[in-house]
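> Handing over input-v2.txt, compact mmCIF, C-alpha atoms.
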```
# COMPACT_ATOMS: atom_id res chain seq x y z
CA MET P 23 16.63 -20.61 -15.86
CA ARG P 24 14.24 -23.08 -17.45
CA ARG P 25 11.70 -22.48 -14.67
CA ALA P 26 11.98 -18.70 -15.17
CA SER P 27 11.57 -19.10 -18.92
CA GLY P 28 8.48 -21.30 -18.46
CA ALA P 29 6.92 -18.85 -16.03
CA ARG P 30 7.62 -16.00 -18.44
CA ARG P 31 5.89 -17.86 -21.27
CA ARG P 32 2.83 -18.48 -19.08
CA LEU P 33 2.68 -14.79 -18.15
CA TRP P 34 2.86 -13.81 -21.81
CA ALA P 35 0.07 -16.28 -22.62
CA ILE P 36 -2.14 -14.86 -19.87
CA ALA P 37 -1.46 -11.29 -20.99
CA ALA P 38 -2.27 -12.19 -24.59
CA SER P 39 -5.56 -13.81 -23.56
CA ILE P 40 -6.53 -10.74 -21.52
CA LEU P 41 -5.74 -8.41 -24.41
CA ALA P 42 -7.81 -10.62 -26.71
CA LEU P 43 -10.94 -10.38 -24.56
CA PRO P 44 -12.31 -7.21 -26.22
CA THR P 45 -11.86 -8.86 -29.62
CA TRP P 46 -13.86 -11.85 -28.48
CA ALA P 47 -16.57 -9.57 -27.13
CA GLN P 48 -16.76 -7.80 -30.48
CA GLU P 49 -17.07 -11.13 -32.28
CA LEU P 50 -20.11 -12.16 -30.24
CA PRO P 51 -23.21 -12.12 -32.47
CA LEU P 52 -25.54 -9.19 -31.90
CA PRO P 53 -29.19 -9.88 -31.09
CA GLY P 54 -31.49 -8.97 -33.92
CA GLY P 55 -30.53 -11.35 -36.70
CA SER P 56 -33.54 -13.52 -35.84
CA VAL P 57 -36.59 -13.40 -33.62
CA ASP P 58 -35.24 -16.24 -31.49
CA SER P 59 -32.09 -14.30 -30.59
CA LEU P 60 -34.18 -11.33 -29.48
CA LEU P 61 -36.55 -13.46 -27.41
CA ALA P 62 -33.66 -15.30 -25.74
CA TYR P 63 -32.02 -12.00 -24.81
CA ALA P 64 -35.28 -10.54 -23.48
CA ARG P 65 -36.02 -13.62 -21.40
CA GLU P 66 -32.68 -13.22 -19.63
CA HIS P 67 -32.43 -9.44 -19.32
CA ASN P 68 -35.87 -7.79 -19.35
CA PRO P 69 -36.37 -6.42 -15.81
CA GLU P 70 -40.17 -6.25 -15.99
CA TYR P 71 -40.43 -9.93 -16.83
CA ALA P 72 -37.88 -10.73 -14.12
CA ALA P 73 -39.97 -8.76 -11.62
CA MET P 74 -43.10 -10.71 -12.57
CA ARG P 75 -41.31 -14.03 -12.13
CA LEU P 76 -40.04 -12.96 -8.72
CA GLU P 77 -43.52 -11.86 -7.70
CA ALA P 78 -44.81 -15.27 -8.79
CA ASP P 79 -42.11 -16.94 -6.66
CA ALA P 80 -43.06 -14.74 -3.72
CA ALA P 81 -46.74 -15.65 -4.11
CA GLY P 82 -45.77 -19.33 -4.11
CA GLU P 83 -43.88 -18.87 -0.86
CA ARG P 84 -46.96 -17.35 0.78
CA VAL P 85 -48.82 -20.64 0.41
CA ALA P 86 -46.94 -22.35 3.24
CA SER P 87 -47.53 -19.51 5.70
CA SER P 88 -51.20 -19.05 4.81
CA SER P 89 -52.33 -22.25 6.54
CA ALA P 90 -49.81 -22.27 9.39
CA LEU P 91 -51.06 -22.06 12.94
CA PRO P 92 -50.36 -18.76 14.69
CA ASP P 93 -47.46 -18.67 17.11
CA PRO P 94 -48.34 -20.01 20.57
CA LYS P 95 -48.50 -17.60 23.49
CA PHE P 96 -46.81 -17.99 26.83
CA ARG P 97 -47.88 -16.20 30.00
CA ILE P 98 -46.45 -16.15 33.50
CA GLU P 99 -48.39 -14.86 36.54
CA LEU P 100 -46.70 -14.17 39.89
CA ARG P 101 -49.40 -14.38 42.54
CA ASP P 102 -49.24 -12.83 46.02
CA ILE P 103 -45.79 -11.32 45.56
CA THR P 104 -45.86 -10.06 49.23
CA ARG P 105 -47.21 -13.34 50.71
CA PHE P 106 -50.01 -11.68 52.63
CA GLY P 107 -47.78 -8.73 53.54
CA GLU P 108 -45.17 -10.83 55.30
CA GLN P 109 -42.35 -9.81 52.92
CA SER P 110 -41.31 -7.15 50.51
CA PRO P 111 -42.55 -7.60 46.92
CA SER P 112 -40.55 -10.31 45.15
CA LEU P 113 -40.27 -11.32 41.50
CA SER P 114 -38.74 -14.70 42.18
CA PRO P 115 -41.17 -17.58 41.45
CA GLY P 116 -39.87 -19.46 44.51
CA ASN P 117 -40.53 -16.53 46.90
CA VAL P 118 -44.13 -15.67 46.00
CA GLY P 119 -47.38 -17.31 46.99
CA SER P 120 -47.72 -19.18 43.66
CA THR P 121 -46.62 -18.89 40.03
CA ARG P 122 -48.94 -19.76 37.17
CA TYR P 123 -47.47 -20.63 33.77
CA LEU P 124 -49.85 -20.61 30.78
CA LEU P 125 -49.10 -21.94 27.29
CA MET P 126 -51.88 -21.15 24.76
CA GLN P 127 -52.41 -22.09 21.11
CA ASP P 128 -55.07 -20.48 18.90
CA VAL P 129 -56.72 -23.02 16.57
CA PRO P 130 -59.19 -22.08 13.80
CA TRP P 131 -62.36 -24.04 13.16
CA PHE P 132 -62.13 -27.27 11.20
CA GLY P 133 -61.48 -26.70 7.48
CA LYS P 134 -60.50 -23.03 7.70
CA ARG P 135 -56.78 -23.68 7.37
CA ALA P 136 -57.30 -25.80 4.26
CA LEU P 137 -59.46 -23.08 2.71
CA LYS P 138 -56.86 -20.41 3.47
CA ARG P 139 -54.20 -22.56 1.84
CA GLN P 140 -56.42 -23.11 -1.18
CA VAL P 141 -57.02 -19.36 -1.56
CA ALA P 142 -53.27 -18.70 -1.35
CA GLU P 143 -52.51 -21.40 -3.93
CA LEU P 144 -55.07 -20.00 -6.34
CA ASP P 145 -53.79 -16.47 -5.82
CA ALA P 146 -50.29 -17.75 -6.61
CA GLU P 147 -51.65 -19.35 -9.78
CA GLY P 148 -53.17 -16.00 -10.71
CA VAL P 149 -49.80 -14.26 -10.27
CA ARG P 150 -48.12 -16.97 -12.38
CA GLY P 151 -50.75 -16.35 -15.03
CA GLN P 152 -49.93 -12.64 -14.94
CA ALA P 153 -46.23 -13.47 -15.42
CA MET P 154 -47.14 -15.68 -18.37
CA GLY P 155 -49.26 -12.89 -19.79
CA ASN P 156 -46.43 -10.41 -19.31
CA TRP P 157 -44.08 -12.63 -21.30
CA ALA P 158 -46.70 -13.26 -24.00
CA GLU P 159 -47.22 -9.49 -24.35
CA LEU P 160 -43.49 -8.78 -24.39
CA SER P 161 -42.70 -11.50 -26.93
CA ALA P 162 -45.53 -10.31 -29.20
CA ARG P 163 -44.18 -6.76 -29.14
CA ILE P 164 -40.67 -8.03 -29.93
CA LYS P 165 -41.96 -10.12 -32.83
CA ALA P 166 -43.95 -7.21 -34.23
CA ALA P 167 -41.00 -4.81 -33.87
CA TYR P 168 -38.74 -7.34 -35.60
CA ALA P 169 -41.17 -7.59 -38.53
CA GLN P 170 -41.31 -3.80 -38.81
CA LEU P 171 -37.50 -3.60 -38.72
CA TYR P 172 -37.37 -6.21 -41.46
CA TYR P 173 -39.78 -4.13 -43.52
CA VAL P 174 -37.69 -0.98 -43.13
CA HIS P 175 -34.44 -2.80 -43.97
CA ARG P 176 -35.92 -4.33 -47.11
CA ASN P 177 -37.53 -1.02 -48.03
CA GLU P 178 -34.13 0.65 -47.77
CA ARG P 179 -32.65 -2.05 -49.99
CA TYR P 180 -35.37 -1.62 -52.62
CA THR P 181 -34.98 2.15 -52.49
CA ARG P 182 -31.22 1.90 -53.05
CA GLU P 183 -31.82 -0.43 -55.98
CA VAL P 184 -34.23 2.10 -57.46
CA LEU P 185 -31.71 4.87 -56.83
CA ASP P 186 -29.08 2.88 -58.71
CA LEU P 187 -31.57 2.25 -61.51
CA LEU P 188 -32.41 5.95 -61.74
CA SER P 189 -28.72 6.72 -61.97
CA ARG P 190 -28.45 4.39 -64.97
CA LEU P 191 -31.59 5.89 -66.51
CA GLU P 192 -30.07 9.33 -66.10
CA LYS P 193 -27.04 8.21 -68.07
CA ILE P 194 -29.29 6.79 -70.78
CA ALA P 195 -31.21 10.05 -70.90
CA GLN P 196 -27.97 12.03 -71.18
CA VAL P 197 -26.75 9.81 -74.02
CA ARG P 198 -30.06 10.24 -75.83
CA TYR P 199 -29.97 13.99 -75.24
CA ALA P 200 -26.40 14.15 -76.58
CA GLY P 201 -27.60 12.33 -79.67
CA GLY P 202 -30.54 14.64 -80.10
CA LEU P 203 -33.04 11.83 -79.44
CA SER P 204 -34.67 13.31 -76.33
CA ALA P 205 -35.00 16.54 -74.40
CA GLN P 206 -32.69 17.60 -71.58
CA GLN P 207 -35.74 17.52 -69.34
CA ASP P 208 -35.48 13.69 -69.17
CA ALA P 209 -32.07 13.84 -67.49
CA ILE P 210 -33.28 16.55 -65.13
CA ARG P 211 -36.37 14.49 -64.30
CA ALA P 212 -34.11 11.52 -63.46
CA GLN P 213 -32.07 13.73 -61.15
CA VAL P 214 -35.24 14.98 -59.43
CA GLU P 215 -36.38 11.38 -58.92
CA GLN P 216 -32.99 10.51 -57.42
CA THR P 217 -33.28 13.40 -55.00
CA GLY P 218 -36.70 12.10 -53.98
CA MET P 219 -35.26 8.63 -53.40
CA LYS P 220 -32.45 10.08 -51.27
CA THR P 221 -35.04 11.94 -49.21
CA GLU P 222 -36.95 8.69 -48.81
CA LEU P 223 -33.77 6.97 -47.62
CA ILE P 224 -33.29 9.63 -44.94
CA SER P 225 -36.85 9.06 -43.75
CA LEU P 226 -36.36 5.29 -43.72
CA GLU P 227 -33.10 5.63 -41.81
CA ASN P 228 -34.86 7.73 -39.16
CA GLU P 229 -37.68 5.18 -38.94
CA ARG P 230 -35.15 2.36 -38.58
CA ARG P 231 -33.41 4.16 -35.75
CA GLN P 232 -36.70 4.77 -33.98
CA LEU P 233 -37.55 1.08 -34.28
CA GLN P 234 -34.11 0.10 -32.98
CA VAL P 235 -34.60 2.37 -29.97
CA ARG P 236 -37.97 0.72 -29.33
CA MET P 237 -36.47 -2.75 -29.69
CA ASN P 238 -33.61 -1.92 -27.32
CA ALA P 239 -36.14 -0.66 -24.79
CA LEU P 240 -37.94 -4.01 -24.98
CA LEU P 241 -34.62 -5.79 -24.50
CA ALA P 242 -33.54 -3.48 -21.64
CA ARG P 243 -30.47 -2.39 -23.61
CA PRO P 244 -29.06 1.13 -24.09
CA ALA P 245 -31.05 3.07 -26.69
CA GLY P 246 -28.10 3.33 -29.07
CA ALA P 247 -26.90 -0.27 -28.70
CA PRO P 248 -26.32 -1.91 -32.10
CA LEU P 249 -28.63 -4.63 -33.38
CA GLY P 250 -28.04 -7.28 -35.98
CA GLU P 251 -29.69 -6.87 -39.36
CA PRO P 252 -32.94 -8.86 -39.59
CA GLY P 253 -32.25 -11.99 -41.61
CA GLN P 254 -35.65 -13.26 -42.64
CA LEU P 255 -39.24 -13.45 -41.52
CA ARG P 256 -40.49 -16.45 -39.60
CA PRO P 257 -42.15 -19.13 -41.72
CA VAL P 258 -45.93 -18.91 -41.85
CA PRO P 259 -47.66 -21.96 -40.34
CA ILE P 260 -49.62 -24.24 -42.61
CA ALA P 261 -53.36 -23.66 -42.96
CA ALA P 262 -54.20 -26.61 -40.67
CA LYS P 263 -52.50 -24.87 -37.75
CA LEU P 264 -54.58 -21.75 -38.36
CA ASP P 265 -57.93 -23.52 -38.14
CA HIS P 266 -60.33 -21.33 -36.15
CA SER P 267 -61.92 -24.06 -34.04
CA THR P 268 -58.55 -25.60 -33.16
CA LEU P 269 -57.06 -22.26 -32.15
CA GLU P 270 -60.19 -21.34 -30.18
CA ALA P 271 -59.84 -24.51 -28.13
CA ARG P 272 -56.14 -23.77 -27.53
CA VAL P 273 -56.92 -20.20 -26.50
CA ARG P 274 -59.54 -21.34 -24.00
CA ALA P 275 -57.07 -23.82 -22.51
CA ARG P 276 -53.82 -21.81 -22.56
CA ASN P 277 -54.50 -18.08 -22.74
CA PRO P 278 -52.67 -16.44 -19.78
CA GLN P 279 -55.44 -13.93 -19.10
CA LEU P 280 -58.14 -16.60 -19.09
CA PHE P 281 -55.89 -18.76 -16.89
CA THR P 282 -55.59 -15.88 -14.45
CA GLU P 283 -59.32 -15.16 -14.48
CA GLU P 284 -60.12 -18.84 -13.89
CA ALA P 285 -57.75 -18.86 -10.90
CA ARG P 286 -59.49 -15.74 -9.58
CA ILE P 287 -62.89 -17.41 -9.90
CA ARG P 288 -61.76 -20.45 -7.93
CA SER P 289 -60.07 -18.21 -5.36
CA ALA P 290 -63.31 -16.24 -4.98
CA GLU P 291 -65.24 -19.49 -4.51
CA ALA P 292 -62.84 -20.61 -1.78
CA SER P 293 -63.02 -17.16 -0.16
CA ARG P 294 -66.80 -17.37 -0.17
CA GLU P 295 -66.67 -20.77 1.50
CA LEU P 296 -64.25 -19.36 4.07
CA ALA P 297 -66.62 -16.47 4.75
CA TYR P 298 -69.40 -18.95 5.51
CA ARG P 299 -67.06 -20.98 7.74
CA ASN P 300 -66.58 -17.87 9.86
CA ARG P 301 -70.05 -18.54 11.27
CA TYR P 302 -68.33 -21.15 13.43
CA PRO P 303 -66.12 -20.14 16.37
CA ASP P 304 -62.37 -20.38 16.57
CA PHE P 305 -60.91 -21.61 19.83
CA SER P 306 -57.78 -21.59 21.94
CA LEU P 307 -56.25 -24.45 23.88
CA GLY P 308 -54.07 -23.94 26.92
CA VAL P 309 -52.18 -25.84 29.59
CA SER P 310 -51.12 -24.23 32.86
CA PRO P 311 -48.84 -25.65 35.59
CA ILE P 312 -48.92 -23.81 38.94
CA GLN P 313 -45.81 -23.60 41.08
CA TYR P 314 -45.75 -23.26 44.88
CA GLN P 315 -42.31 -22.33 46.15
CA SER P 316 -40.03 -24.78 44.34
CA ALA P 317 -42.55 -27.45 43.23
CA VAL P 318 -45.38 -27.66 40.66
CA ARG P 319 -48.41 -28.92 42.55
CA GLU P 320 -51.35 -28.09 40.25
CA TRP P 321 -52.18 -28.39 36.54
CA GLU P 322 -54.94 -26.65 34.63
CA LEU P 323 -56.38 -27.10 31.14
CA MET P 324 -58.10 -24.31 29.27
CA LEU P 325 -60.50 -24.08 26.31
CA GLU P 326 -61.48 -20.67 25.01
CA LEU P 327 -64.03 -19.92 22.25
CA ASN P 328 -64.81 -16.71 20.47
CA LEU P 329 -68.57 -16.22 20.13
CA PRO P 330 -69.64 -15.30 16.54
CA LEU P 331 -72.46 -12.99 17.58
CA GLN P 332 -71.77 -10.00 15.30
CA GLN P 333 -74.16 -11.18 12.61
CA THR P 334 -74.49 -7.86 10.79
CA SER P 335 -70.79 -7.60 9.89
CA ARG P 336 -70.57 -11.32 9.21
CA ARG P 337 -73.50 -11.30 6.78
CA ALA P 338 -71.99 -8.25 5.07
CA ARG P 339 -68.74 -10.14 4.51
CA GLU P 340 -70.67 -13.09 3.12
CA ARG P 341 -72.54 -10.83 0.68
CA GLU P 342 -69.21 -9.23 -0.25
CA SER P 343 -67.73 -12.63 -1.08
CA GLU P 344 -70.77 -13.48 -3.22
CA SER P 345 -70.45 -10.21 -5.13
CA LEU P 346 -66.73 -10.71 -5.66
CA LEU P 347 -67.39 -14.19 -7.05
CA ARG P 348 -70.01 -12.88 -9.50
CA ALA P 349 -67.61 -10.08 -10.52
CA ALA P 350 -64.83 -12.60 -11.18
CA ARG P 351 -67.12 -14.68 -13.36
CA ALA P 352 -68.27 -11.61 -15.28
CA ARG P 353 -64.67 -10.50 -15.88
CA ALA P 354 -63.75 -13.95 -17.14
CA GLU P 355 -66.70 -13.98 -19.54
CA ALA P 356 -65.86 -10.50 -20.84
CA ALA P 357 -62.19 -11.44 -21.29
CA SER P 358 -63.14 -14.63 -23.13
CA ASN P 359 -65.44 -12.77 -25.53
CA GLN P 360 -62.81 -10.11 -26.22
CA ILE P 361 -59.99 -12.61 -26.76
CA LEU P 362 -62.02 -14.83 -29.08
CA ALA P 363 -63.11 -11.77 -31.08
CA GLU P 364 -59.46 -10.72 -31.44
CA LEU P 365 -58.55 -14.24 -32.56
CA ALA P 366 -61.23 -14.23 -35.26
CA GLY P 367 -60.14 -10.79 -36.46
CA HIS P 368 -56.48 -11.77 -36.72
CA LEU P 369 -57.30 -14.99 -38.56
CA ALA P 370 -59.44 -13.07 -41.06
CA GLY P 371 -56.64 -10.54 -41.52
CA ILE P 372 -54.08 -13.31 -42.16
CA GLU P 373 -56.33 -14.92 -44.74
CA ALA P 374 -56.84 -11.62 -46.58
CA ALA P 375 -53.11 -10.81 -46.43
CA ARG P 376 -52.12 -14.23 -47.76
CA ARG P 377 -54.54 -13.94 -50.66
CA THR P 378 -53.18 -10.49 -51.43
CA ASP P 379 -49.62 -11.79 -51.27
CA THR P 380 -50.48 -14.59 -53.69
CA LEU P 381 -52.15 -12.15 -56.08
CA ILE P 382 -49.17 -9.76 -56.04
CA ALA P 383 -46.61 -12.54 -56.45
CA SER P 384 -48.45 -14.34 -59.24
CA SER P 385 -49.95 -11.43 -61.15
CA LEU P 386 -49.26 -7.82 -60.15
CA LEU P 387 -45.47 -8.00 -59.65
CA PRO P 388 -44.70 -9.96 -62.85
CA GLN P 389 -46.98 -7.61 -64.79
CA ALA P 390 -45.29 -4.54 -63.32
CA GLU P 391 -41.80 -5.88 -64.09
CA LEU P 392 -42.84 -6.78 -67.63
CA THR P 393 -44.34 -3.32 -68.09
CA PHE P 394 -41.13 -1.68 -66.87
CA ARG P 395 -38.94 -3.74 -69.19
CA ALA P 396 -41.21 -2.92 -72.10
CA ALA P 397 -41.21 0.76 -71.14
CA LEU P 398 -37.42 0.78 -70.87
CA ALA P 399 -37.06 -0.81 -74.30
CA GLY P 400 -39.60 1.60 -75.73
CA TYR P 401 -37.78 4.60 -74.27
CA GLU P 402 -34.44 3.43 -75.63
CA ASN P 403 -36.07 3.06 -79.06
CA GLY P 404 -37.79 6.41 -78.81
CA ARG P 405 -41.33 5.03 -78.82
CA LEU P 406 -42.17 6.09 -75.21
CA ASP P 407 -41.43 9.20 -73.20
CA PHE P 408 -39.45 9.33 -69.95
CA ALA P 409 -42.51 10.01 -67.79
CA THR P 410 -44.07 6.71 -68.87
CA LEU P 411 -40.85 4.90 -67.97
CA LEU P 412 -40.80 6.46 -64.51
CA ASP P 413 -44.44 5.50 -63.95
CA ALA P 414 -43.63 1.90 -64.86
CA GLN P 415 -40.68 1.96 -62.46
CA ARG P 416 -42.90 3.30 -59.65
CA GLN P 417 -45.47 0.58 -60.26
CA THR P 418 -42.76 -2.07 -59.90
CA LEU P 419 -41.53 -0.54 -56.64
CA GLN P 420 -45.05 -0.20 -55.26
CA ALA P 421 -45.79 -3.85 -56.11
CA ARG P 422 -42.67 -5.03 -54.31
CA LEU P 423 -43.39 -2.85 -51.28
CA GLY P 424 -47.03 -3.95 -51.28
CA GLN P 425 -45.98 -7.59 -51.19
CA LEU P 426 -43.50 -6.88 -48.39
CA LYS P 427 -46.17 -4.97 -46.46
CA VAL P 428 -48.69 -7.81 -46.49
CA GLN P 429 -45.97 -10.29 -45.48
CA VAL P 430 -45.12 -8.11 -42.49
CA GLU P 431 -48.81 -7.78 -41.66
CA VAL P 432 -49.07 -11.57 -41.53
CA GLN P 433 -46.12 -11.65 -39.12
CA VAL P 434 -47.67 -9.04 -36.84
CA ARG P 435 -51.00 -10.87 -36.76
CA LEU P 436 -49.24 -14.17 -36.08
CA ALA P 437 -47.47 -12.51 -33.15
CA GLU P 438 -50.83 -11.34 -31.81
CA ILE P 439 -52.32 -14.84 -32.17
CA GLU P 440 -49.37 -16.30 -30.28
CA ARG P 441 -49.90 -13.66 -27.60
CA LEU P 442 -53.47 -14.88 -27.25
CA LEU P 443 -52.30 -18.50 -27.17
CA GLY P 444 -49.52 -17.80 -24.69
CA ASP P 445 -47.35 -20.08 -26.83
CA ASP P 446 -45.87 -20.40 -30.31
CA LEU P 447 -47.97 -21.82 -33.10
```
Write the structure described by the file as structure tokens, please.

Amino acid sequence: MRRASGARRRLWAIAASILALPTWAQELPLPGGSVDSLLAYAREHNPEYAAMRLEADAAGERVASSSALPDPKFRIELRDITRFGEQSPSLSPGNVGSTRYLLMQDVPWFGKRALKRQVAELDAEGVRGQAMGNWAELSARIKAAYAQLYYVHRNERYTREVLDLLSRLEKIAQVRYAGGLSAQQDAIRAQVEQTGMKTELISLENERRQLQVRMNALLARPAGAPLGEPGQLRPVPIAAKLDHSTLEARVRARNPQLFTEEARIRSAEASRELAYRNRYPDFSLGVSPIQYQSAVREWELMLELNLPLQQTSRRARERESESLLRAARARAEAASNQILAELAGHLAGIEAARRTDTLIASSLLPQAELTFRAALAGYENGRLDFATLLDAQRQTLQARLGQLKVQVEVQVRLAEIERLLGDDL
């Protein structure tokens, strides 16, 4: 009985744990509360990035086979299968005149295998650079989308605060109208403004949903999958980390596209050297025992060379390799100029946005809030009309949204700079 009771308790415990699984799943934090949670999810689940990593692994595996010798060849020759017409044709090595066995191995000219391996290694580096660039592009898009989601969420919060404020102003206007201190038009104007704010909330909700769909697409999640509410923007690096010359040096050393282009240049150089090595012949080595009846009585050695006499096609391949090398260098130079120009533009944009943020925070926003408080007091005392109060309220909202907008712009430009760096600041 005790054993049965103990087994029953264990079964109940297992059943309770199984029933609790959905609750645990619901308690798992949703991605979206921070940029790091989104990037961690994308690194594990984004199929495009996974495909690029697998392609990089495949390119690395090609290195070993690129310099391997070709498979040897084996040949068997049955000679005089009728033994001068004395017997019916035979396929038995012991019943023919002689049997020649030939084992051959093709060997390229000295240095060609090393060059082929070098080309394969550099091509693999290029594919790894493309995978790095894919992740840098994906992470930049996620960071930018997160900043835009943050902007929409905060905009919705500000709009609801304004809607609540307008509701209170409507009550004030109704009290003043009941006391004969203002016209009924003030209350109606407040209601119209509230309707406008509600319309703005609908637009912001639609924009938020569109951004969530875009974010889920980047994360390879269902379009309607829920996301956590953005908590806060990433801290802006100190000015020393945004020094142009320092970042330029980091971009030249770490940018995935420049890394890929440099690998392509070196691969083109090795390919050119290989094209010139093709002026020399490849050869084949062979050993051949010859069997008479049941015994091997002769041995032969063989050396075979291919004669590189087709100079027209060979020179064309050499010119092709030279042109490909010059093209790779030109692409690398063009990419470097474009990337450095983007870096300078983003740094200038961050500087302008930070100065604007400072100006709004230290001057425009306090002035707008002070103006609104003064306008509210003036309206309550009958010294200002309702239209002036609404204008002051709009100025306060526009100042807050303007500050939020430049902060988000800084985040987007930081994401672009990190894309160029291929790493976080």
> Distance atom CA of Ala158 of chain P-atom CA of Glu143 of chain P, one decimal place?
22.4 Å
> Just how far from atom CA of Val184 of chain P is atom CA of Leu387 of chain P, in Å to one decimal?
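Distance reported for this atom pair: 15.3 Å.
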> Would you mind telling me which residue in P:Asn228, P:Gln140, P:Asn403, P:Ser189 lies nearest to Val214 of chain P when using all atoms listed in the file?
P:Ser189
> Set the distance at 12 Å and use all atoms listed in the file: which residues neighbour Glu295 of chain P once local chain neighbours fewer than 5 positions away are removed? I'd like the list as JSON, numbers by chain.
{"P": [133, 134, 135, 136, 137, 138, 140, 141, 288, 289, 290, 300, 301, 339, 340, 341, 342, 343, 344, 347]}
> Interatomic distance between atom CA of Leu442 of chain P and atom CA of Ala350 of chain P?
19.8 Å
> Measuring atom to atom with all atoms listed in the file, identify which of P:Thr104, P:Ser293, P:Gln433, P:Gln232 is nearest to Ala142 of chain P.
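Checking each of P:Thr104, P:Ser293, P:Gln433, P:Gln232 against Ala142 of chain P, counting all atoms listed in the file, the winner is P:Ser293.
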> For the contact check between segment 55-93 of chain P and segment 147-155 of chain P, emit one row per residue of segment 55-93 of chain P within 6 Å, containing the shortest atom pair and the distance in Å rounded to one decimal, counting all atoms listed in the file, chain then rising number order, as a tab-separated table.

```
residue	atom	partner	partner_atom	distance
P:Met74	CA	P:Ala153	CA	5.1
P:Arg75	CA	P:Ala153	CA	5.9
P:Ala78	CA	P:Arg150	CA	5.2
```
> Export, as a tab-separated table (two decimals), in the frame of the given file, the selected residues with C-alpha atoms.

```
chain	number	residue	atom	x	y	z
P	74	MET	CA	-43.10	-10.71	-12.57
P	75	ARG	CA	-41.31	-14.03	-12.13
P	78	ALA	CA	-44.81	-15.27	-8.79
```
> Name the residues, using the chain letters and numbers of the file, that sit within 9 Å of (-30.9, -0.4, -33.4) when counting only C-alpha atoms, and give them as a list of chain:residue names.
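Protein, DNA and RNA residues close to (-30.9, -0.4, -33.4): P:Gly54, P:Arg230, P:Arg231, P:Gln232, P:Leu233, P:Gln234, P:Val235, P:Arg236, P:Met237, P:Asn238, P:Ala245, P:Gly246, P:Ala247, P:Pro248, P:Leu249, P:Gly250, P:Glu251.
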> Report as a PyMOL selection string all protein, DNA and RNA residues lying within 10 Å of Arg122 of chain P, evaluated on all atoms listed in the file, omitting residues in the same chain fewer than 3 positions from it.
chain P and resi 97-101+115+310-314+318+320-322
> Contacts of Val57 of chain P at 10 Å or less, counting all atoms listed in the file, minus same-chain residues fewer than 6 places along, as a list in words?
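In the requested format, the answer is Ser161, Ile164, Lys165, Ala166, Ala167, Tyr168, Ala169, Pro252, Gly253, Gln254, Leu255 and Arg256 of chain P.
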> Neighbourhood query: residues within 6 Å of (-42.2, 2.2, -70.6), file coordinates, counting all atoms listed in the file; return as a PyMOL selection string.
chain P and resi 394+396-398+400+410-411+414
> Between P:Glu284, P:Asp413, P:Asp379, P:Asp186, which has the minimum distance to Lys427 of chain P (counting all atoms listed in the file)?
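Nearest to Lys427 of chain P: P:Asp379.
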